[in-house]
Every structure is written in C-alpha cells, then in structure tokens.
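Visitor: As input, take target_10.cif (mmCIF, C-alpha atoms):
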data_start
loop_
_atom_site.label_atom_id
_atom_site.label_comp_id
_atom_site.auth_asym_id
_atom_site.auth_seq_id
_atom_site.Cartn_x
_atom_site.Cartn_y
_atom_site.Cartn_z
CA MET A 1 107.69 125.34 15.54
CA ASN A 2 107.95 128.12 18.13
CA LYS A 3 110.67 130.75 18.21
CA PHE A 4 112.95 129.21 20.83
CA ARG A 5 112.82 125.77 19.14
CA GLU A 6 113.93 127.36 15.87
CA TYR A 7 116.76 129.15 17.65
CA THR A 8 118.01 126.09 19.57
CA LYS A 9 117.92 123.95 16.44
CA SER A 10 120.03 126.59 14.71
CA TRP A 11 122.43 126.63 17.68
CA PHE A 12 122.62 122.82 17.55
CA LYS A 13 123.65 122.89 13.89
CA LYS A 14 126.34 125.55 14.27
CA GLU A 15 128.00 124.34 17.46
CA THR A 16 131.08 122.13 17.12
CA LYS A 17 131.15 118.69 18.70
CA THR A 18 133.84 119.81 21.15
CA GLY A 19 131.93 122.98 21.96
CA LYS A 20 128.74 121.03 22.64
CA GLN A 21 130.57 118.55 24.87
CA THR A 22 132.15 121.36 26.88
CA ARG A 23 128.86 123.21 27.28
CA ALA A 24 126.98 120.01 28.16
CA LEU A 25 129.45 119.26 30.95
CA GLU A 26 129.14 122.82 32.25
CA ILE A 27 125.36 122.41 32.33
CA LEU A 28 125.82 119.18 34.29
CA HIS A 29 128.21 120.88 36.73
CA ARG A 30 125.67 123.61 37.45
CA LEU A 31 122.77 121.18 37.77
CA LYS A 32 124.77 119.13 40.28
CA LYS A 33 125.44 122.28 42.28
CA SER A 34 121.79 123.39 42.16
CA TYR A 35 120.23 119.98 42.85
CA PRO A 36 122.77 117.96 44.87
CA LYS A 37 120.19 115.60 46.38
CA ALA A 38 118.00 115.00 43.34
CA ARG A 39 116.31 111.60 43.48
CA ILE A 40 113.13 109.79 42.50
CA ALA A 41 110.07 111.41 44.07
CA LEU A 42 107.89 108.28 44.08
CA ASN A 43 107.37 106.38 47.34
CA TYR A 44 107.57 102.57 47.51
CA ASN A 45 108.66 99.78 49.85
CA ASN A 46 109.97 97.13 47.46
CA ASN A 47 110.95 96.64 43.84
CA PHE A 48 107.56 95.62 42.50
CA GLN A 49 105.88 98.53 44.25
CA LEU A 50 108.48 100.71 42.49
CA LEU A 51 107.34 99.26 39.15
CA VAL A 52 103.71 99.93 40.06
CA ALA A 53 104.45 103.54 41.04
CA VAL A 54 106.37 104.12 37.81
CA VAL A 55 103.53 102.73 35.69
CA LEU A 56 101.00 104.87 37.57
CA SER A 57 103.14 107.99 37.06
CA ALA A 58 102.51 108.06 33.30
CA GLN A 59 100.49 111.23 32.55
CA CYS A 60 100.16 111.84 36.29
CA THR A 61 102.07 113.85 38.88
CA ASP A 62 104.32 112.10 41.37
CA LYS A 63 102.41 113.86 44.16
CA LYS A 64 99.12 112.31 43.08
CA VAL A 65 100.72 108.88 42.59
CA ASN A 66 102.09 109.00 46.15
CA GLU A 67 98.65 109.90 47.46
CA VAL A 68 97.13 106.93 45.66
CA THR A 69 99.85 104.43 46.55
CA PHE A 70 99.88 105.31 50.27
CA PRO A 71 96.80 103.12 50.99
CA LEU A 72 97.37 100.90 47.95
CA PHE A 73 100.76 99.65 49.12
CA LYS A 74 99.35 98.78 52.53
CA LYS A 75 96.88 96.43 50.84
CA TYR A 76 99.11 95.09 48.04
CA LYS A 77 102.61 94.36 49.35
CA THR A 78 103.96 91.54 47.19
CA VAL A 79 104.02 90.51 43.55
CA GLY A 80 101.51 87.81 44.45
CA ASP A 81 99.13 90.34 46.01
CA PHE A 82 99.03 92.28 42.73
CA ALA A 83 98.88 89.13 40.58
CA ARG A 84 95.72 88.00 42.34
CA ALA A 85 94.03 91.39 42.64
CA ASP A 86 90.53 91.85 41.26
CA LEU A 87 90.75 94.00 38.13
CA LYS A 88 87.59 96.07 38.69
CA THR A 89 88.45 96.74 42.32
CA PHE A 90 92.00 97.68 41.38
CA GLU A 91 90.77 100.07 38.69
CA LYS A 92 88.73 101.93 41.30
CA GLU A 93 91.71 102.09 43.64
CA ILE A 94 93.97 103.75 41.04
CA HIS A 95 91.44 105.73 39.01
CA GLN A 96 92.75 109.09 40.28
CA THR A 97 96.01 108.56 38.37
CA GLY A 98 94.21 108.60 35.01
CA PHE A 99 94.17 106.03 32.20
CA TYR A 100 93.31 103.58 34.95
CA HIS A 101 91.87 100.86 32.69
CA ASN A 102 95.17 100.36 30.86
CA LYS A 103 97.29 100.92 33.95
CA ALA A 104 95.34 98.36 35.97
CA ARG A 105 95.52 95.72 33.23
CA ASN A 106 99.24 96.29 32.74
CA ILE A 107 100.11 96.20 36.45
CA LEU A 108 98.21 92.98 37.12
CA ALA A 109 99.58 91.40 33.94
CA ALA A 110 103.10 92.52 34.92
CA ALA A 111 102.74 90.83 38.31
CA GLN A 112 101.49 87.63 36.69
CA LYS A 113 104.35 87.60 34.16
CA ILE A 114 106.98 88.20 36.82
CA GLU A 115 105.55 85.36 38.89
CA LYS A 116 105.43 83.03 35.89
CA ASP A 117 108.61 83.93 33.98
CA PHE A 118 110.92 85.40 36.63
CA LYS A 119 110.00 83.43 39.77
CA GLY A 120 108.46 86.48 41.38
CA VAL A 121 111.64 88.57 41.18
CA LEU A 122 112.04 91.72 39.12
CA PRO A 123 114.49 90.98 36.26
CA LYS A 124 117.83 92.77 36.01
CA THR A 125 118.23 93.47 32.28
CA ILE A 126 116.57 96.10 30.15
CA THR A 127 115.62 93.49 27.54
CA GLU A 128 113.71 91.49 30.13
CA MET A 129 112.23 94.61 31.71
CA ILE A 130 110.70 95.89 28.49
CA SER A 131 109.04 92.50 27.97
CA ILE A 132 106.85 93.28 30.98
CA PRO A 133 103.42 94.83 30.25
CA GLY A 134 103.37 98.58 30.78
CA VAL A 135 107.16 98.95 30.91
CA GLY A 136 108.94 100.82 28.11
CA ARG A 137 112.58 101.81 27.91
CA LYS A 138 112.18 104.98 29.98
CA SER A 139 110.40 103.12 32.77
CA ALA A 140 112.91 100.26 32.58
CA ASN A 141 115.78 102.71 33.08
CA VAL A 142 114.05 104.21 36.13
CA ILE A 143 113.23 100.83 37.66
CA LEU A 144 116.62 99.19 37.07
CA GLY A 145 118.50 102.23 38.36
CA ASN A 146 116.48 102.56 41.55
CA ALA A 147 115.97 98.85 42.23
CA TYR A 148 119.42 97.50 41.44
CA SER A 149 121.69 100.47 40.64
CA ILE A 150 121.92 99.00 37.13
CA ILE A 151 122.42 101.83 34.65
CA GLU A 152 121.86 100.92 31.01
CA GLY A 153 120.67 104.30 29.76
CA ILE A 154 119.06 107.62 30.62
CA ALA A 155 115.36 107.87 31.44
CA VAL A 156 113.91 110.51 29.11
CA ASP A 157 110.56 111.70 30.42
CA THR A 158 108.74 114.86 29.34
CA HIS A 159 110.97 117.10 31.51
CA VAL A 160 114.23 115.58 30.28
CA GLY A 161 113.09 115.69 26.66
CA ARG A 162 111.95 119.31 26.91
CA LEU A 163 115.14 120.47 28.62
CA ALA A 164 117.44 118.59 26.24
CA GLN A 165 115.85 120.54 23.39
CA ARG A 166 115.89 123.86 25.22
CA PHE A 167 119.52 123.37 26.24
CA GLY A 168 120.37 122.78 22.60
CA VAL A 169 121.96 119.39 23.33
CA SER A 170 119.40 117.50 21.26
CA SER A 171 117.53 118.38 18.09
CA ASN A 172 115.21 115.37 18.25
CA ASP A 173 111.65 114.82 19.43
CA SER A 174 112.02 111.05 19.87
CA PRO A 175 112.83 110.03 23.49
CA GLU A 176 114.97 107.18 22.18
CA LYS A 177 117.06 109.51 20.00
CA ILE A 178 117.34 112.10 22.77
CA GLU A 179 118.55 109.36 25.10
CA GLN A 180 121.25 108.30 22.65
CA GLU A 181 122.47 111.88 22.24
CA LEU A 182 122.61 112.44 26.01
CA MET A 183 124.46 109.16 26.50
CA GLN A 184 127.12 110.33 24.06
CA LEU A 185 127.51 113.70 25.79
CA TYR A 186 127.63 112.62 29.42
CA PRO A 187 129.79 110.07 31.28
CA ARG A 188 127.99 106.85 32.20
CA VAL A 189 128.53 107.50 35.91
CA GLU A 190 126.28 110.59 35.59
CA TRP A 191 123.43 109.02 33.60
CA PHE A 192 121.27 107.97 36.55
CA SER A 193 121.40 111.22 38.52
CA LEU A 194 121.21 113.40 35.39
CA THR A 195 117.58 112.37 34.90
CA TYR A 196 116.54 113.57 38.36
CA ARG A 197 118.57 116.78 38.22
CA MET A 198 116.91 117.68 34.91
CA ILE A 199 113.48 116.76 36.27
CA GLU A 200 113.95 119.02 39.31
CA HIS A 201 115.15 121.86 37.09
CA GLY A 202 112.18 121.29 34.78
CA ARG A 203 109.79 121.55 37.70
CA ALA A 204 111.44 124.49 39.47
CA ILE A 205 112.78 126.75 36.71
CA CYS A 206 112.33 125.54 33.14
CA THR A 207 108.68 124.50 33.27
CA ALA A 208 106.56 123.51 30.29
CA LYS A 209 104.49 126.69 30.61
CA GLN A 210 107.21 129.17 31.50
CA LYS A 211 110.99 129.56 31.22
CA LYS A 212 112.29 131.50 34.24
CA CYS A 213 115.51 132.43 32.48
CA GLN A 214 116.12 135.50 34.63
CA VAL A 215 116.77 133.28 37.68
CA CYS A 216 118.18 130.26 35.85
CA PRO A 217 121.75 129.21 36.75
CA LEU A 218 122.21 128.04 33.16
CA LYS A 219 121.13 131.21 31.37
CA ASP A 220 124.55 132.00 29.89
CA VAL A 221 125.08 128.45 28.53
CA CYS A 222 121.52 127.81 27.31
CA PRO A 223 120.48 129.03 23.84
CA SER A 224 116.78 129.26 24.67
CA SER A 225 117.52 131.93 27.31
CA LEU A 226 118.62 134.23 24.47
CA VAL A 227 115.24 134.15 22.74
#
Render the structure in this file as structure tokens.
Guide:
Amino acid sequence: MNKFREYTKSWFKKETKTGKQTRALEILHRLKKSYPKARIALNYNNNFQLLVAVVLSAQCTDKKVNEVTFPLFKKYKTVGDFARADLKTFEKEIHQTGFYHNKARNILAAAQKIEKDFKGVLPKTITEMISIPGVGRKSANVILGNAYSIIEGIAVDTHVGRLAQRFGVSSNDSPEKIEQELMQLYPRVEWFSLTYRMIEHGRAICTAKQKKCQVCPLKDVCPSSLV
C-alpha cells in the first residue's frame, strides 16, 4: 500500500462519524462550485444508444467512445438495428474501444434481450437493468439516471473509487462497498450529479498519475493532500 493510502486509512479510522459527514458535505459543496455543469460526457441520441456507449466506455476513454459512436449511431439507430447486426462486422466497427469481442457480444445480446423480454424498451429498475448482458450495477446507475432520471445509487467508476479513497470517505476497494458508504454520507438528491463532479475532478486535478494538491480546492479537507 502506498504512503497516501496508509495515511487516508488512518484518517478514516480516527475521524468521528459526525466529523466525516461534515467534511464530506464540505467536499460536495466545493465540487459543486468547481464543476457546476458536470454531466455525462458520452454522446447518444436515444436510450439504447446510451447503453451502447456506456458498455463501450469500459476500459476506454469517453473521447474515443464518442469518436467510434459518431458513425456507428448513424448506422444503428434502434434496438432492432443492434439486435440484427452482424457480429463480425460490429466487432470491426467498435474495435478501437478495446475488448471488442466481449463488448460486441454483450451489446448485440443486450439488444436481443430487450426486444424479447422488455418489448424493445429499456427497463426502469436496477434489478432488470443488471439482468442485461454487459450491464453491471455501475452501468445501470449511469443508464437509469441519464435515461429516466431514476436514481437508485451512485455510479462508482475508477475516478469515483480513487477519489473516495483519497478523500478519506471510504476505506474500501470494492465499488459496491464504496457506493454504500457514499450513499450514507450524501443526500439522495446529490447522488446522480456527485458521480460526474468527482469524475471531472479526477480528470482535471486528482488524476490517477498525479495529485495536483497545490491547486486543488479541497486541499484543506482532503487527507491525501497532507502526504
């Protein structure tokens, strides 16, 4: 474990529940001020295209996904278009996003399942969403929030997970456990936007490779800035 992880875990253990709640809300306040218009960066024209973009974004940048989906979404516009796509052709069309064999199989299978089980309409519950090939809880939270404004949790991607640990608001590595801790700390009305504010901060300031603590608006409320 690196030095800052040791320090934040120590901070997490010593901080009182009330202290953590107060600090977490101050972090949220500053993130809202710094990233007032934070939103999903993926481009799409309808709910199933949103699902496709989210599946393609695994282990790939949003910028690359948008480059790939620009021509893709002109060819495949409906659930039916994806359900009847040729697998080998589709693999070639998305190969730049990486892991294209699995992604292609999951996307086409997802379209076929939605046609068969949900009458061609994206379902509206997280239980139904995670029954769709290629869709886990994180993706389900993203899709439901953006498609229907249905908020059942917090989408914990690599940025959110990394920042939750660095902020000292979670001591876990499991996305599911981090999500539960964040849900307890933040009001439900903030869950959806919190994901995108943390993602923007993780891209701009608190990157995986470098912590720019000297210019971070959270430096005096973040334990990892003291290491």
Visitor: Hey, what comes out of the PyMOL selection byres ((chain A and resi 91) around 12) on this file? Could you write it as a tab-separated table (two decimals) with C-alpha atoms, in the frame of the given file?
Guide:
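That gives us out_35.tsv:
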chain	number	residue	atom	x	y	z
A	56	LEU	CA	101.00	104.87	37.57
A	68	VAL	CA	97.13	106.93	45.66
A	72	LEU	CA	97.37	100.90	47.95
A	85	ALA	CA	94.03	91.39	42.64
A	86	ASP	CA	90.53	91.85	41.26
A	87	LEU	CA	90.75	94.00	38.13
A	88	LYS	CA	87.59	96.07	38.69
A	89	THR	CA	88.45	96.74	42.32
A	90	PHE	CA	92.00	97.68	41.38
A	92	LYS	CA	88.73	101.93	41.30
A	93	GLU	CA	91.71	102.09	43.64
A	94	ILE	CA	93.97	103.75	41.04
A	95	HIS	CA	91.44	105.73	39.01
A	96	GLN	CA	92.75	109.09	40.28
A	97	THR	CA	96.01	108.56	38.37
A	98	GLY	CA	94.21	108.60	35.01
A	99	PHE	CA	94.17	106.03	32.20
A	100	TYR	CA	93.31	103.58	34.95
A	101	HIS	CA	91.87	100.86	32.69
A	102	ASN	CA	95.17	100.36	30.86
A	103	LYS	CA	97.29	100.92	33.95
A	104	ALA	CA	95.34	98.36	35.97
A	105	ARG	CA	95.52	95.72	33.23
A	106	ASN	CA	99.24	96.29	32.74
A	107	ILE	CA	100.11	96.20	36.45
A	108	LEU	CA	98.21	92.98	37.12
Visitor: Residue by residue, what does the PyMOL selection byres ((chain A and resi 183) around 12) grab here? Present the result as a list in words.
Guide: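 Output from the PyMOL selection byres ((chain A and resi 183) around 12), applied to this file: Gln21, Ala24, Ile151, Glu152, Gly153, Ile154, Ala155, Val156, Ala164, Val169, Ser170, Glu176, Lys177, Ile178, Glu179, Gln180, Glu181, Leu182, Gln184, Leu185, Tyr186, Pro187, Arg188, Val189, Glu190, Trp191, Phe192, Leu194 and Thr195 of chain A.
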Visitor: Can you tell me which residues surround Phe167 in chain A at a distance of at most 8 Å, considering all atoms listed in the file, apart from same-chain residues fewer than 3 positions away, and format the answer as an mmCIF file with C-alpha atoms, in the coordinates of the input?
Guide:
data_model
loop_
_atom_site.group_PDB
_atom_site.id
_atom_site.type_symbol
_atom_site.label_atom_id
_atom_site.label_comp_id
_atom_site.auth_asym_id
_atom_site.auth_seq_id
_atom_site.Cartn_x
_atom_site.Cartn_y
_atom_site.Cartn_z
ATOM 1 C CA THR A 8 118.010 126.090 19.570
ATOM 2 C CA LEU A 163 115.140 120.470 28.620
ATOM 3 C CA ALA A 164 117.440 118.590 26.240
ATOM 4 C CA SER A 170 119.400 117.500 21.260
ATOM 5 C CA VAL A 221 125.080 128.450 28.530
ATOM 6 C CA CYS A 222 121.520 127.810 27.310
ATOM 7 C CA PRO A 223 120.480 129.030 23.840
ATOM 8 C CA SER A 224 116.780 129.260 24.670
#
Visitor: For Arg162 in chain A, find every residue with an atom within 9 Å (counting only C-alpha atoms), except residues of its own chain fewer than 3 positions away, and show them as a PyMOL selection string.
Guide: chain A and resi 157-159+165-167+173+202+206-208
Visitor: Could you list, with a cut-off of 12 Å and counting all atoms listed in the file, the residues of range 26-110 of chain A near range 121-132 of chain A, each shown with its nearest atom pair and the distance in Å rounded to one decimal, rows sorted by chain and ascending number, as CSV?
Guide:
residue,atom,partner,partner_atom,distance
A:Asn46,CA,A:Leu122,CA,10.2
A:Asn47,CA,A:Leu122,CA,6.9
A:Phe48,CA,A:Leu122,CA,6.8
A:Gln49,CA,A:Leu122,CA,10.5
A:Leu50,CA,A:Leu122,CA,10.2
A:Leu51,CA,A:Leu122,CA,8.9
A:Val52,CA,A:Ile132,CA,11.7
A:Val55,CA,A:Ile132,CA,11.1
A:Thr78,CA,A:Val121,CA,10.2
A:Val79,CA,A:Val121,CA,8.2
A:Gly80,CA,A:Val121,CA,10.7
A:Arg105,CA,A:Ile132,CA,11.8
A:Asn106,CA,A:Ile132,CA,8.4
A:Ile107,CA,A:Ile132,CA,9.2
A:Leu108,CA,A:Ile132,CA,10.6
A:Ala109,CA,A:Ile132,CA,8.1
A:Ala110,CA,A:Ile132,CA,5.5
Visitor: For the residues in that selection, give me C-alpha atoms as a compact mmCIF listing (two decimals), in the coordinates of the input.
Guide:
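The new file again_5.txt reads:
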# COMPACT_ATOMS: atom_id res chain seq x y z
CA ASN A 46 109.97 97.13 47.46
CA ASN A 47 110.95 96.64 43.84
CA PHE A 48 107.56 95.62 42.50
CA GLN A 49 105.88 98.53 44.25
CA LEU A 50 108.48 100.71 42.49
CA LEU A 51 107.34 99.26 39.15
CA VAL A 52 103.71 99.93 40.06
CA VAL A 55 103.53 102.73 35.69
CA THR A 78 103.96 91.54 47.19
CA VAL A 79 104.02 90.51 43.55
CA GLY A 80 101.51 87.81 44.45
CA ARG A 105 95.52 95.72 33.23
CA ASN A 106 99.24 96.29 32.74
CA ILE A 107 100.11 96.20 36.45
CA LEU A 108 98.21 92.98 37.12
CA ALA A 109 99.58 91.40 33.94
CA ALA A 110 103.10 92.52 34.92
Visitor: For each of A:Lys14, A:Ile27, A:Lys138, A:Pro71, take the minimum atom-to-atom distance to Ser57 in chain A, counting only C-alpha atoms, then give the residue where this is smallest.
Guide: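 Checking each of A:Lys14, A:Ile27, A:Lys138, A:Pro71 against Ser57 in chain A, counting only C-alpha atoms, the winner is A:Lys138.
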Visitor: Between A:Met198, A:Lys209, A:Arg203, A:Leu28, which is the closest to Thr61 in chain A once you count all atoms listed in the file?
Guide: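 The closest residue to Thr61 in chain A is A:Arg203.
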Visitor: Nearest to Tyr35 in chain A among A:Ser193, A:Thr18, A:Gln210, A:Ser225, with distances taken over all atoms listed in the file: which residue is it?
Guide: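 Of A:Ser193, A:Thr18, A:Gln210, A:Ser225, the one nearest Tyr35 in chain A, counting all atoms listed in the file, is A:Ser193.
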Visitor: May I have the centre and edge lengths, in Å to one decimal, of an axis-aligned box around the listed atoms of range 114-123 of chain A with 4 Å added to every side, as lines of an AutoDock Vina configuration file?
Guide:
center_x = 110.0
center_y = 87.4
center_z = 37.7
size_x = 17.1
size_y = 16.7
size_z = 15.4
Visitor: Please measure the separation of CA of Ile40 in chain A and CA of His201 in chain A, giving the value in Å to one decimal.
Guide: 13.4 Å
Visitor: Pick the closest to Ser10 in chain A from A:Ser149, A:Ser171, A:Ser139, A:Thr22: which is it, counting only C-alpha atoms?
Guide: A:Ser171
Visitor: Which is closer to Arg39 in chain A than all the others in A:Val215, A:Ile205, A:Ile150, A:Ile199, using all atoms listed in the file?
Guide: A:Ile199
